[in-house]
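Source file: run_32.tsv. Holds: TSV, C-alpha atoms and all ligand atoms.
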```tsv
chain	number	residue	atom	x	y	z
A	1209	MET	CA	0.00	0.00	0.00
A	1210	SER	CA	1.33	3.47	-0.79
A	1211	ASN	CA	-0.27	6.63	0.55
A	1212	SER	CA	0.60	10.13	-0.70
A	1213	ILE	CA	4.04	9.11	-1.89
A	1214	ALA	CA	6.10	12.06	-3.07
A	1215	LEU	CA	9.72	12.25	-4.11
A	1216	THR	CA	11.56	15.52	-4.56
A	1217	VAL	CA	15.09	16.20	-5.74
A	1218	SER	CA	17.09	19.42	-5.89
A	1219	ALA	CA	17.02	21.13	-9.26
A	1220	LYS	CA	18.25	24.42	-10.68
A	1221	ASP	CA	15.73	27.05	-11.83
A	1222	ASP	CA	17.15	30.41	-12.95
A	1223	GLU	CA	20.29	29.81	-10.90
A	1224	LYS	CA	18.14	29.16	-7.80
A	1225	THR	CA	18.05	25.71	-6.22
A	1226	ILE	CA	14.48	24.45	-5.90
A	1227	ARG	CA	12.83	21.15	-4.93
A	1228	ALA	CA	11.49	19.41	-8.05
A	1229	TYR	CA	8.81	16.73	-7.78
A	1230	LEU	CA	9.53	13.41	-9.50
A	1231	LEU	CA	6.47	11.85	-7.82
A	1232	LYS	CA	3.51	13.61	-6.23
A	1233	SER	CA	0.53	12.22	-4.23
A	1234	VAL	CA	0.86	8.68	-5.53
A	1235	ASN	CA	-1.70	6.45	-3.81
A	1236	GLY	CA	-2.48	2.80	-4.43
A	1237	TRP	CA	-2.45	-0.75	-3.16
A	1238	PHE	CA	-1.52	-4.12	-4.59
A	1239	GLU	CA	-2.88	-7.46	-3.51
A	1240	LYS	CA	-1.49	-10.96	-3.50
A	1241	HIS	CA	-2.39	-13.13	-6.47
A	1242	GLN	CA	-2.54	-9.92	-8.53
A	1243	LEU	CA	-0.44	-8.67	-11.39
A	1244	SER	CA	-0.38	-4.88	-11.55
A	1245	ALA	CA	0.94	-2.73	-14.37
A	1246	LEU	CA	2.62	0.63	-14.08
A	1247	MET	CA	2.28	2.59	-17.32
A	1248	GLY	CA	2.83	6.13	-18.51
A	1249	PRO	CA	4.79	8.20	-21.01
A	1250	SER	CA	8.57	8.00	-21.03
A	1251	GLY	CA	9.91	10.08	-18.13
A	1252	SER	CA	6.59	9.99	-16.22
A	1253	GLY	CA	8.21	8.38	-13.17
A	1254	LYS	CA	7.57	4.65	-13.60
A	1255	THR	CA	11.06	3.44	-12.67
A	1256	THR	CA	11.23	6.08	-9.93
A	1257	LEU	CA	8.00	4.78	-8.35
A	1258	LEU	CA	9.13	1.17	-8.67
A	1259	ASP	CA	12.41	2.08	-6.95
A	1260	VAL	CA	10.61	3.92	-4.13
A	1261	LEU	CA	8.26	0.98	-3.52
A	1262	ALA	CA	11.17	-1.46	-3.53
A	1263	GLY	CA	13.16	0.75	-1.12
A	1264	ARG	CA	15.92	1.29	-3.71
A	1265	LYS	CA	15.72	5.05	-4.06
A	1266	ASN	CA	18.64	6.67	-2.31
A	1267	GLN	CA	18.46	10.05	-4.02
A	1268	GLY	CA	16.13	12.89	-3.08
A	1269	VAL	CA	13.61	13.15	-0.25
A	1270	THR	CA	10.77	10.63	-0.10
A	1271	GLU	CA	7.60	11.50	1.82
A	1272	GLY	CA	4.39	9.56	2.46
A	1273	GLU	CA	3.50	6.20	3.82
A	1274	LEU	CA	4.51	2.81	2.48
A	1275	ALA	CA	3.28	-0.43	4.01
A	1276	PHE	CA	3.61	-4.14	3.23
A	1277	GLY	CA	0.95	-6.22	4.95
A	1278	GLY	CA	0.10	-3.15	7.05
A	1279	GLN	CA	3.62	-2.45	8.30
A	1280	ALA	CA	6.34	-0.05	7.28
A	1281	PRO	CA	9.00	-2.22	5.65
A	1282	SER	CA	12.43	-2.50	7.23
A	1283	ARG	CA	15.57	-2.89	5.08
A	1284	GLN	CA	15.75	-6.55	6.13
A	1285	PHE	CA	12.13	-7.12	5.15
A	1286	LEU	CA	12.71	-5.63	1.71
A	1287	ARG	CA	15.87	-7.67	1.21
A	1288	ARG	CA	14.23	-10.91	2.35
A	1289	TYR	CA	10.72	-10.67	0.91
A	1290	THR	CA	10.95	-8.59	-2.26
A	1291	GLY	CA	12.66	-9.26	-5.55
A	1292	TYR	CA	13.55	-6.66	-8.17
A	1293	VAL	CA	14.20	-7.45	-11.81
A	1294	GLU	CA	16.01	-4.66	-13.61
A	1295	GLN	CA	15.26	-3.65	-17.17
A	1296	PHE	CA	18.64	-4.76	-18.44
A	1297	ASP	CA	19.86	-8.28	-17.91
A	1298	THR	CA	22.43	-8.74	-15.19
A	1299	LEU	CA	23.59	-12.18	-16.29
A	1300	LEU	CA	27.08	-13.66	-16.54
A	1301	GLY	CA	27.54	-14.72	-20.17
A	1302	ILE	CA	30.03	-17.50	-19.47
A	1303	LEU	CA	27.65	-19.50	-17.26
A	1304	THR	CA	24.82	-21.80	-18.27
A	1305	VAL	CA	21.28	-20.92	-17.11
A	1306	GLU	CA	21.44	-23.52	-14.34
A	1307	GLU	CA	24.91	-22.41	-13.21
A	1308	MET	CA	23.74	-18.77	-13.09
A	1309	LEU	CA	20.80	-19.69	-10.86
A	1310	MET	CA	22.95	-21.94	-8.65
A	1311	TYR	CA	25.53	-19.16	-8.33
A	1312	THR	CA	22.74	-16.79	-7.24
A	1313	ALA	CA	21.37	-19.37	-4.78
A	1314	GLU	CA	24.81	-19.72	-3.19
A	1315	LEU	CA	25.17	-15.96	-3.00
A	1316	LYS	CA	21.71	-15.03	-1.74
A	1317	ARG	CA	20.35	-17.97	0.24
A	1318	SER	CA	21.42	-18.79	3.77
A	1319	LEU	CA	25.02	-19.94	4.26
A	1320	ASN	CA	23.73	-22.73	6.51
A	1321	GLU	CA	21.35	-24.15	3.92
A	1322	PRO	CA	22.52	-27.52	2.55
A	1323	ILE	CA	23.57	-27.55	-1.10
A	1324	SER	CA	20.87	-30.14	-1.92
A	1325	SER	CA	18.19	-27.71	-0.76
A	1326	LYS	CA	19.69	-24.91	-2.88
A	1327	ARG	CA	19.72	-27.29	-5.85
A	1328	ALA	CA	16.05	-28.09	-5.24
A	1329	ALA	CA	15.25	-24.35	-5.19
A	1330	VAL	CA	17.04	-23.90	-8.53
A	1331	GLU	CA	15.13	-26.83	-10.05
A	1332	MET	CA	11.86	-25.33	-8.87
A	1333	VAL	CA	12.69	-21.96	-10.46
A	1334	LEU	CA	13.75	-23.65	-13.72
A	1335	LYS	CA	10.40	-25.44	-13.81
A	1336	LYS	CA	8.29	-22.38	-12.90
A	1337	LEU	CA	9.91	-20.30	-15.62
A	1338	ALA	CA	9.87	-23.11	-18.22
A	1339	LEU	CA	13.67	-22.97	-18.43
A	1340	ASP	CA	14.43	-26.69	-17.97
A	1341	GLN	CA	14.96	-27.19	-21.69
A	1342	CYS	CA	17.74	-24.60	-21.88
A	1343	LYS	CA	19.24	-25.07	-18.41
A	1344	ASP	CA	22.53	-26.40	-19.85
A	1345	VAL	CA	22.83	-23.72	-22.55
A	1346	ILE	CA	25.39	-21.00	-22.06
A	1347	ILE	CA	23.91	-17.51	-21.48
A	1348	GLY	CA	26.29	-15.96	-24.01
A	1349	ASN	CA	27.03	-12.36	-24.89
A	1350	GLN	CA	27.48	-10.14	-27.93
A	1351	MET	CA	30.46	-12.22	-29.11
A	1352	THR	CA	29.12	-15.70	-28.31
A	1353	LYS	CA	25.53	-16.58	-29.08
A	1354	GLY	CA	23.75	-18.19	-26.19
A	1355	ILE	CA	20.16	-18.38	-24.93
A	1356	SER	CA	17.39	-16.41	-26.67
A	1357	GLY	CA	16.17	-12.96	-25.55
A	1358	GLY	CA	13.02	-14.43	-23.95
A	1359	GLN	CA	15.04	-17.07	-22.11
A	1360	ALA	CA	17.42	-14.34	-20.89
A	1361	LYS	CA	14.45	-12.32	-19.52
A	1362	ARG	CA	13.12	-15.41	-17.77
A	1363	THR	CA	16.56	-16.22	-16.33
A	1364	ASN	CA	16.75	-12.66	-15.03
A	1365	ILE	CA	13.36	-13.14	-13.34
A	1366	GLY	CA	14.66	-16.47	-12.00
A	1367	ILE	CA	17.49	-14.67	-10.22
A	1368	ALA	CA	14.93	-12.64	-8.28
A	1369	LEU	CA	12.81	-15.73	-7.57
A	1370	ILE	CA	15.65	-17.72	-6.00
A	1371	THR	CA	14.94	-16.20	-2.58
A	1372	ASN	CA	11.15	-16.85	-2.80
A	1373	PRO	CA	10.08	-13.21	-2.67
A	1374	ARG	CA	6.48	-12.41	-1.70
A	1375	VAL	CA	6.52	-9.23	-3.79
A	1376	LEU	CA	8.19	-9.08	-7.17
A	1377	PHE	CA	9.00	-5.81	-8.95
A	1378	LEU	CA	9.72	-6.01	-12.67
A	1379	ASP	CA	11.09	-3.07	-14.64
A	1380	GLU	CA	10.09	-3.43	-18.29
A	1381	PRO	CA	10.06	-7.26	-18.37
A	1382	THR	CA	9.21	-7.28	-22.08
A	1383	SER	CA	11.49	-4.55	-23.42
A	1384	GLY	CA	13.43	-5.58	-26.50
A	1385	LEU	CA	11.28	-8.67	-27.11
A	1386	ASP	CA	9.09	-9.44	-30.13
A	1387	SER	CA	5.39	-9.59	-29.29
A	1388	TYR	CA	5.22	-13.41	-29.31
A	1389	THR	CA	8.13	-13.72	-26.87
A	1390	ALA	CA	6.84	-10.81	-24.77
A	1391	ASN	CA	3.47	-12.56	-24.44
A	1392	GLU	CA	5.23	-15.81	-23.55
A	1393	VAL	CA	7.30	-14.12	-20.80
A	1394	MET	CA	4.23	-12.41	-19.34
A	1395	THR	CA	2.21	-15.65	-19.41
A	1396	VAL	CA	4.97	-17.26	-17.32
A	1397	VAL	CA	4.98	-14.22	-14.99
A	1398	LYS	CA	1.20	-14.44	-14.58
A	1399	ALA	CA	1.52	-18.11	-13.54
A	1400	LEU	CA	3.85	-17.06	-10.69
A	1401	LEU	CA	0.83	-15.47	-8.95
A	1402	GLN	CA	-0.46	-18.94	-8.02
A	1403	ASP	CA	1.97	-19.02	-5.09
A	1404	GLY	CA	0.42	-15.87	-3.62
A	1405	THR	CA	3.11	-13.56	-4.95
A	1406	THR	CA	2.22	-9.92	-5.62
A	1407	ILE	CA	3.72	-8.72	-8.88
A	1408	PHE	CA	4.14	-5.14	-10.02
A	1409	ALA	CA	5.61	-4.41	-13.46
A	1410	THR	CA	6.38	-1.28	-15.46
A	1411	ILE	CA	5.39	-1.79	-19.04
A	1412	HIS	CA	5.62	0.45	-22.11
A	1413	SER	CA	3.30	-0.54	-24.94
A	1414	PRO	CA	1.86	-3.96	-24.17
A	1415	SER	CA	0.06	-6.05	-26.77
A	1416	GLN	CA	-3.69	-6.40	-26.15
A	1417	TYR	CA	-3.10	-9.95	-24.88
A	1418	CYS	CA	-0.34	-8.86	-22.52
A	1419	PHE	CA	-2.48	-5.97	-21.23
A	1420	SER	CA	-5.33	-8.40	-20.55
A	1421	LEU	CA	-3.09	-10.39	-18.18
A	1422	PHE	CA	-2.88	-7.44	-15.76
A	1423	ASP	CA	-5.42	-7.25	-12.94
A	1424	ARG	CA	-4.79	-3.63	-12.02
A	1425	LEU	CA	-3.17	-0.61	-13.57
A	1426	ILE	CA	-1.60	2.52	-12.18
A	1427	MET	CA	-0.91	5.11	-14.83
A	1428	LEU	CA	1.35	8.12	-14.32
A	1429	VAL	CA	1.88	11.43	-16.04
A	1430	ARG	CA	4.55	13.85	-14.79
A	1431	GLY	CA	4.95	11.81	-11.59
A	1432	ARG	CA	1.22	12.03	-10.76
A	1433	VAL	CA	-1.51	9.39	-11.01
A	1434	LEU	CA	-4.04	9.67	-13.84
A	1435	TYR	CA	-5.62	6.25	-13.30
A	1436	PHE	CA	-5.60	3.65	-10.58
A	1437	GLY	CA	-8.00	0.73	-10.82
A	1438	PRO	CA	-8.79	-2.52	-12.62
A	1439	SER	CA	-7.10	-2.80	-16.01
A	1440	VAL	CA	-10.51	-3.54	-17.53
A	1441	GLY	CA	-12.08	-0.14	-18.00
A	1442	ALA	CA	-8.78	1.73	-17.65
A	1443	ALA	CA	-8.65	2.84	-21.26
A	1444	ALA	CA	-12.22	4.17	-21.28
A	1445	PHE	CA	-11.62	6.12	-18.05
A	1446	ALA	CA	-8.27	7.57	-19.07
A	1447	ILE	CA	-9.54	8.52	-22.51
A	1448	SER	CA	-12.52	10.25	-20.87
A	1449	ILE	CA	-10.27	12.58	-18.82
A	1450	THR	CA	-7.57	13.18	-21.43
A	1451	PRO	CA	-7.90	16.03	-23.96
A	1452	LYS	CA	-8.67	14.64	-27.41
A	1453	VAL	CA	-5.33	15.39	-28.98
A	1454	LYS	CA	-5.55	12.39	-31.30
A	1455	GLU	CA	-8.10	9.90	-32.62
A	1456	MET	CA	-8.04	6.16	-32.04
A	1457	SER	CA	-7.45	5.01	-35.60
A	1458	ALA	CA	-7.68	1.42	-36.83
A	1459	GLY	CA	-4.66	-0.68	-35.91
A	1460	TYR	CA	-4.26	0.73	-32.40
A	1461	ASN	CA	-4.80	-1.53	-29.44
A	1462	GLU	CA	-6.33	0.09	-26.34
A	1463	ALA	CA	-3.19	0.11	-24.19
A	1464	GLU	CA	-0.99	1.44	-26.97
A	1465	PHE	CA	-3.47	4.19	-27.80
A	1466	LEU	CA	-3.76	5.11	-24.16
A	1467	VAL	CA	-0.01	5.67	-23.79
A	1468	ASP	CA	0.19	7.55	-27.11
A	1469	LEU	CA	-2.75	9.78	-26.20
A	1470	VAL	CA	-1.39	10.69	-22.78
A	1471	THR	CA	2.12	11.22	-24.20
A	1472	GLU	CA	0.78	13.53	-26.91
A	1473	ALA	CA	-1.35	15.46	-24.40
A	1474	ASP	CA	1.65	15.77	-22.09
A	1475	ARG	CA	3.84	17.04	-24.95
A	1476	GLN	CA	1.21	19.71	-25.55
A	1477	GLY	CA	1.58	20.79	-21.92
A	1478	LYS	CA	-1.65	19.18	-20.68
A	1479	GLY	CA	-0.13	16.59	-18.31
A	1480	SER	CA	-1.10	18.40	-15.10
A	1481	GLU	CA	-4.64	18.96	-16.43
A	1482	ILE	CA	-5.11	15.18	-16.79
A	1483	ALA	CA	-3.76	14.45	-13.31
A	1484	ASP	CA	-6.06	17.19	-11.88
A	1485	ALA	CA	-9.02	15.56	-13.67
A	1486	TYR	CA	-8.22	12.20	-12.05
A	1487	GLU	CA	-7.91	13.82	-8.61
A	1488	ALA	CA	-11.34	15.41	-9.07
A	1489	SER	CA	-12.96	12.17	-10.28
A	1490	SER	CA	-15.27	9.89	-8.33
A	1491	LEU	CA	-12.83	7.03	-9.05
A	1492	CYS	CA	-10.09	8.86	-7.14
A	1493	LYS	CA	-12.49	9.49	-4.22
A	1494	GLU	CA	-13.47	5.80	-4.16
A	1495	ASN	CA	-9.80	4.83	-4.18
A	1496	GLN	CA	-9.06	7.20	-1.31
A	1497	GLY	CA	-11.95	5.70	0.66
A	1498	GLN	CA	-10.64	2.19	0.04
A	1499	LEU	CA	-7.13	3.24	1.01
A	1500	LEU	CA	-8.46	4.72	4.24
A	1501	MET	CA	-10.16	1.40	5.01
A	1502	TYR	CA	-6.87	-0.44	4.39
A	1503	THR	CA	-4.98	1.99	6.64
A	1504	ASP	CA	-7.62	1.75	9.41
A	1505	SER	CA	-7.88	-2.04	9.30
A	1506	THR	CA	-4.11	-2.50	9.47
A	1507	GLN	CA	-3.75	-0.02	12.34
A	1508	LYS	CA	-6.25	-1.85	14.55
B	1	LIG	N1	18.16	12.45	-9.70
B	1	LIG	C1	17.35	13.06	-10.53
B	1	LIG	N2	17.33	14.41	-10.63
B	1	LIG	C2	16.49	15.03	-11.46
B	1	LIG	N3	15.63	14.40	-12.26
B	1	LIG	C3	15.61	13.06	-12.22
B	1	LIG	C4	16.46	12.31	-11.37
B	1	LIG	N4	16.19	11.00	-11.55
B	1	LIG	C5	15.21	10.93	-12.49
B	1	LIG	N5	14.87	12.16	-12.90
B	1	LIG	C6	13.81	12.51	-13.86
B	1	LIG	O1	12.61	11.96	-13.36
B	1	LIG	C7	11.74	11.60	-14.41
B	1	LIG	C8	11.22	10.20	-14.22
B	1	LIG	O2	12.24	9.26	-14.54
B	1	LIG	P1	11.91	7.70	-14.65
B	1	LIG	O3	13.16	6.99	-15.05
B	1	LIG	O4	11.25	7.25	-13.40
B	1	LIG	O5	10.86	7.69	-15.84
B	1	LIG	P2	10.17	6.44	-16.60
B	1	LIG	O6	8.71	6.71	-16.62
B	1	LIG	O7	10.63	5.17	-15.97
B	1	LIG	O8	10.79	6.61	-18.05
B	1	LIG	P3	11.12	5.52	-19.20
B	1	LIG	O9	9.83	4.94	-19.64
B	1	LIG	O10	11.74	6.38	-20.27
B	1	LIG	O11	12.07	4.52	-18.62
B	1	LIG	C9	12.53	11.81	-15.69
B	1	LIG	O12	12.11	13.03	-16.28
B	1	LIG	C10	13.96	11.88	-15.24
B	1	LIG	O13	14.73	12.68	-16.09
```
Would you write the structure of this file as structure tokens?
Amino acid sequence: MSNSIALTVSAKDDEKTIRAYLLKSVNGWFEKHQLSALMGPSGSGKTTLLDVLAGRKNQGVTEGELAFGGQAPSRQFLRRYTGYVEQFDTLLGILTVEEMLMYTAELKRSLNEPISSKRAAVEMVLKKLALDQCKDVIIGNQMTKGISGGQAKRTNIGIALITNPRVLFLDEPTSGLDSYTANEVMTVVKALLQDGTTIFATIHSPSQYCFSLFDRLIMLVRGRVLYFGPSVGAAAFAISITPKVKEMSAGYNEAEFLVDLVTEADRQGKGSEIADAYEASSLCKENQGQLLMYTDSTQK
């Protein structure tokens, strides 16, 4: 749950140092067994919000309230129970997929855990991410061809899964993938919810199929929320509060049009107008009411 999250950094304005908002009044909640998307134009604050939620932001001043299961997260909690998958692969090209996961297990799981148990954890991750078929293939690099782009994304997710996180943050899990492979990766991610994991992913322009896999969506413009709610109905709502700077022509899917529309409106200087319209909407009031109930119930 996040309540009134704001992040400011120092910036220069006419030689004066001011506080600039990267995030402002960001409210929302994410539930287990749910896959939530974070969308918005480039530079709208998606990675920044993901970093704040995952406790990885060490620049600027963060304000507001952040709770996991009703409690403010400690550093240990975040390290033990959350996993973060960065946009760019952090894999060692000389290892095979299985070796990479085993290396991570040795590095991140308890020193006292027997090797057989670490091996079992690696096998489980290989199975969950449908990586068993390529477990003995070298990861590779620009010079030596190894596993495919989709397999590399899944291996990267596997690294985060090795410690059994309860909350998984994914930054652009489909970037650089063709739509078939992107859909395949997101189908595998969706299946991870069965264990009760909460998954939150930034995503740029998802295919219609990929968008349909998301349960909830939070959409940002200029570091402010313009939609928070179920992904079904998101497009209609966001389109209703966004100035009509372009038409939905044939060939667009809803999610793609939504991002293009908001980006175009923002480029025309109407970003704050859209965020104001969300804040004045009945949806925002309902969300605030729900958030209050969450806060009250966890404080009792
Ligand atoms: N330390 C900083 N000081 C000033 N501005 C910053 C700092 N860090 C990030 N920004 C700005 O904050 C904004 C949000 O950046 P962020 O990376 O979160 O955007 P994004 O929505 O993830 O973008 P993209 O889709 O292009 O990855 C950008 O305009 C960026 O330039």
(message) Which residues are near ligand LIG 1 (chain B) - at most 9 Å, using all atoms listed in the file? Format: as an MDAnalysis selection string.
(response) chainID A and resid 1216:1219 1228:1231 1246:1259 1267:1268 1295 1379:1380 1410:1412 1428:1431
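For the pair CA of Arg1283 (chain A) and CA of Ser1325 (chain A), the separation is 25.6 Å.
For the pair CA of Val1293 (chain A) and CA of Ala1368 (chain A), the interatomic distance is 6.3 Å.
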(request) Calculate how many Å separate CA of Leu1434 (chain A) from CA of Ile1449 (chain A), rounding to one decimal. (result) 8.5 Å
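Using only C-alpha atoms, the nearest neighbour of Tyr1289 (chain A) within the list A:Met1427, A:Met1501, A:Ala1485, A:Ile1370 is A:Ile1370.
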(message) Counting all atoms listed in the file, which residue out of A:Gln1416, A:Thr1270, A:Gln1498, A:Thr1304 sits closest to Arg1227 (chain A)?
(response) A:Thr1270
(request) Using all atoms listed in the file, determine which residues lie at most 10 Å from Phe1296 (chain A), disregarding the query and same-chain residues fewer than 6 positions distant; provide the list as a list in words. (result) Ala1360, Lys1361, Asn1364, Asp1379, Glu1380, Pro1381, Ser1383 and Gly1384 of chain A
(message) I want to know what sits within 10 Å of Phe1276 (chain A), based on all atoms listed in the file, with residues of the same chain fewer than 4 positions away left out; could you give that as number ranges by chain?
(response) A: 1209-1210, 1237-1239, 1261, 1280-1282, 1285-1286, 1289, 1375
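The nearest approach to Cys1418 (chain A) among the residues A:Leu1243, A:Met1332, A:Leu1300, A:Val1234, with all atoms listed in the file taken into account, belongs to A:Leu1243.
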Name all residues at most 8 Å from region 1438-1441 of chain A (count all atoms listed in the file; drop same-chain ones fewer than 2 positions away) and give them as a PDB file with C-alpha atoms, keeping the file's coordinate frame.
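That gives us out37.pdb:
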```pdb
ATOM      1  CA  PHE A1419      -2.480  -5.970 -21.230  1.00  0.00           C
ATOM      2  CA  SER A1420      -5.330  -8.400 -20.550  1.00  0.00           C
ATOM      3  CA  PHE A1422      -2.880  -7.440 -15.760  1.00  0.00           C
ATOM      4  CA  ASP A1423      -5.420  -7.250 -12.940  1.00  0.00           C
ATOM      5  CA  ARG A1424      -4.790  -3.630 -12.020  1.00  0.00           C
ATOM      6  CA  LEU A1425      -3.170  -0.610 -13.570  1.00  0.00           C
ATOM      7  CA  PHE A1436      -5.600   3.650 -10.580  1.00  0.00           C
ATOM      8  CA  ALA A1443      -8.650   2.840 -21.260  1.00  0.00           C
ATOM      9  CA  ALA A1444     -12.220   4.170 -21.280  1.00  0.00           C
ATOM     10  CA  PHE A1445     -11.620   6.120 -18.050  1.00  0.00           C
TER      11      PHE A1445
END
```
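If all atoms listed in the file are the atoms counted, then among A:Leu1299, A:Ile1407, A:Val1397, A:Ile1367 the closest residue to Gly1354 (chain A) is A:Leu1299.
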(request) Might you pull out every residue within 12 Å of Asp1403 (chain A), with only C-alpha atoms counted and same-chain residues fewer than 4 positions away left off, and present them as a ChimeraX atom specification? (result) /A:1240-1242,1336,1369,1372-1376,1397-1399,1407
(message) When you look at Val1433 (chain A) with a cut-off of 9 Å (counting only C-alpha atoms), what residues show up, excluding the ones that are within fewer than 6 positions of it in the same chain? I need them as a ChimeraX atom specification.
(response) /A:1231-1235,1426-1427,1482-1483,1486-1487
Any chance you could work out the axis-aligned box around region 1418-1432 of chain A, listed atoms only, 6 Å on each side, giving centre and edge lengths in Å to one decimal, as lines of an AutoDock Vina configuration file?
```
center_x = -0.2
center_y = 1.7
center_z = -16.6
size_x = 22.4
size_y = 36.2
size_z = 23.8
```
Please write a file for region 1362-1369 of chain A, taken from the block I just shared, that holds all heavy atoms and is laid out as a PDB file, in the first residue's frame.
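Generated file (part.pdb):
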```pdb
ATOM      1  N   ARG A1362      13.633 -14.487 -18.786  1.00  0.00           N
ATOM      2  CA  ARG A1362      13.119 -15.411 -17.769  1.00  0.00           C
ATOM      3  C   ARG A1362      14.211 -15.789 -16.766  1.00  0.00           C
ATOM      4  O   ARG A1362      13.935 -15.953 -15.582  1.00  0.00           O
ATOM      5  CB  ARG A1362      12.502 -16.643 -18.445  1.00  0.00           C
ATOM      6  CG  ARG A1362      11.095 -16.326 -18.966  1.00  0.00           C
ATOM      7  CD  ARG A1362      10.428 -17.515 -19.587  1.00  0.00           C
ATOM      8  NE  ARG A1362      10.878 -17.701 -20.958  1.00  0.00           N
ATOM      9  CZ  ARG A1362      11.137 -18.884 -21.513  1.00  0.00           C
ATOM     10  NH1 ARG A1362      10.994 -19.978 -20.811  1.00  0.00           N
ATOM     11  NH2 ARG A1362      11.510 -18.960 -22.765  1.00  0.00           N
ATOM     12  N   THR A1363      15.461 -15.905 -17.262  1.00  0.00           N
ATOM     13  CA  THR A1363      16.561 -16.224 -16.333  1.00  0.00           C
ATOM     14  C   THR A1363      16.751 -15.067 -15.349  1.00  0.00           C
ATOM     15  O   THR A1363      16.962 -15.263 -14.154  1.00  0.00           O
ATOM     16  CB  THR A1363      17.869 -16.484 -17.115  1.00  0.00           C
ATOM     17  OG1 THR A1363      17.615 -17.480 -18.099  1.00  0.00           O
ATOM     18  CG2 THR A1363      18.989 -16.943 -16.195  1.00  0.00           C
ATOM     19  N   ASN A1364      16.635 -13.847 -15.877  1.00  0.00           N
ATOM     20  CA  ASN A1364      16.751 -12.661 -15.026  1.00  0.00           C
ATOM     21  C   ASN A1364      15.673 -12.658 -13.937  1.00  0.00           C
ATOM     22  O   ASN A1364      15.930 -12.304 -12.788  1.00  0.00           O
ATOM     23  CB  ASN A1364      16.561 -11.433 -15.925  1.00  0.00           C
ATOM     24  CG  ASN A1364      17.633 -10.423 -15.712  1.00  0.00           C
ATOM     25  OD1 ASN A1364      18.699 -10.746 -15.204  1.00  0.00           O
ATOM     26  ND2 ASN A1364      17.345  -9.199 -16.073  1.00  0.00           N
ATOM     27  N   ILE A1365      14.463 -13.052 -14.317  1.00  0.00           N
ATOM     28  CA  ILE A1365      13.363 -13.138 -13.341  1.00  0.00           C
ATOM     29  C   ILE A1365      13.692 -14.255 -12.334  1.00  0.00           C
ATOM     30  O   ILE A1365      13.475 -14.121 -11.135  1.00  0.00           O
ATOM     31  CB  ILE A1365      12.011 -13.380 -14.049  1.00  0.00           C
ATOM     32  CG1 ILE A1365      11.665 -12.170 -14.934  1.00  0.00           C
ATOM     33  CG2 ILE A1365      10.894 -13.653 -13.038  1.00  0.00           C
ATOM     34  CD1 ILE A1365      10.479 -12.371 -15.862  1.00  0.00           C
ATOM     35  N   GLY A1366      14.280 -15.333 -12.845  1.00  0.00           N
ATOM     36  CA  GLY A1366      14.657 -16.470 -11.995  1.00  0.00           C
ATOM     37  C   GLY A1366      15.609 -16.062 -10.888  1.00  0.00           C
ATOM     38  O   GLY A1366      15.514 -16.533  -9.760  1.00  0.00           O
ATOM     39  N   ILE A1367      16.520 -15.144 -11.219  1.00  0.00           N
ATOM     40  CA  ILE A1367      17.488 -14.668 -10.221  1.00  0.00           C
ATOM     41  C   ILE A1367      16.759 -14.026  -9.044  1.00  0.00           C
ATOM     42  O   ILE A1367      17.100 -14.235  -7.884  1.00  0.00           O
ATOM     43  CB  ILE A1367      18.463 -13.685 -10.898  1.00  0.00           C
ATOM     44  CG1 ILE A1367      19.394 -14.486 -11.792  1.00  0.00           C
ATOM     45  CG2 ILE A1367      19.250 -12.868  -9.893  1.00  0.00           C
ATOM     46  CD1 ILE A1367      20.337 -13.664 -12.606  1.00  0.00           C
ATOM     47  N   ALA A1368      15.703 -13.281  -9.365  1.00  0.00           N
ATOM     48  CA  ALA A1368      14.931 -12.640  -8.281  1.00  0.00           C
ATOM     49  C   ALA A1368      14.093 -13.666  -7.522  1.00  0.00           C
ATOM     50  O   ALA A1368      13.814 -13.494  -6.338  1.00  0.00           O
ATOM     51  CB  ALA A1368      14.043 -11.552  -8.859  1.00  0.00           C
ATOM     52  N   LEU A1369      13.696 -14.739  -8.212  1.00  0.00           N
ATOM     53  CA  LEU A1369      12.810 -15.730  -7.569  1.00  0.00           C
ATOM     54  C   LEU A1369      13.541 -16.694  -6.633  1.00  0.00           C
ATOM     55  O   LEU A1369      12.908 -17.370  -5.826  1.00  0.00           O
ATOM     56  CB  LEU A1369      12.094 -16.567  -8.638  1.00  0.00           C
ATOM     57  CG  LEU A1369      10.949 -15.922  -9.404  1.00  0.00           C
ATOM     58  CD1 LEU A1369      10.293 -16.959 -10.299  1.00  0.00           C
ATOM     59  CD2 LEU A1369       9.908 -15.320  -8.467  1.00  0.00           C
TER      60      LEU A1369
END
```
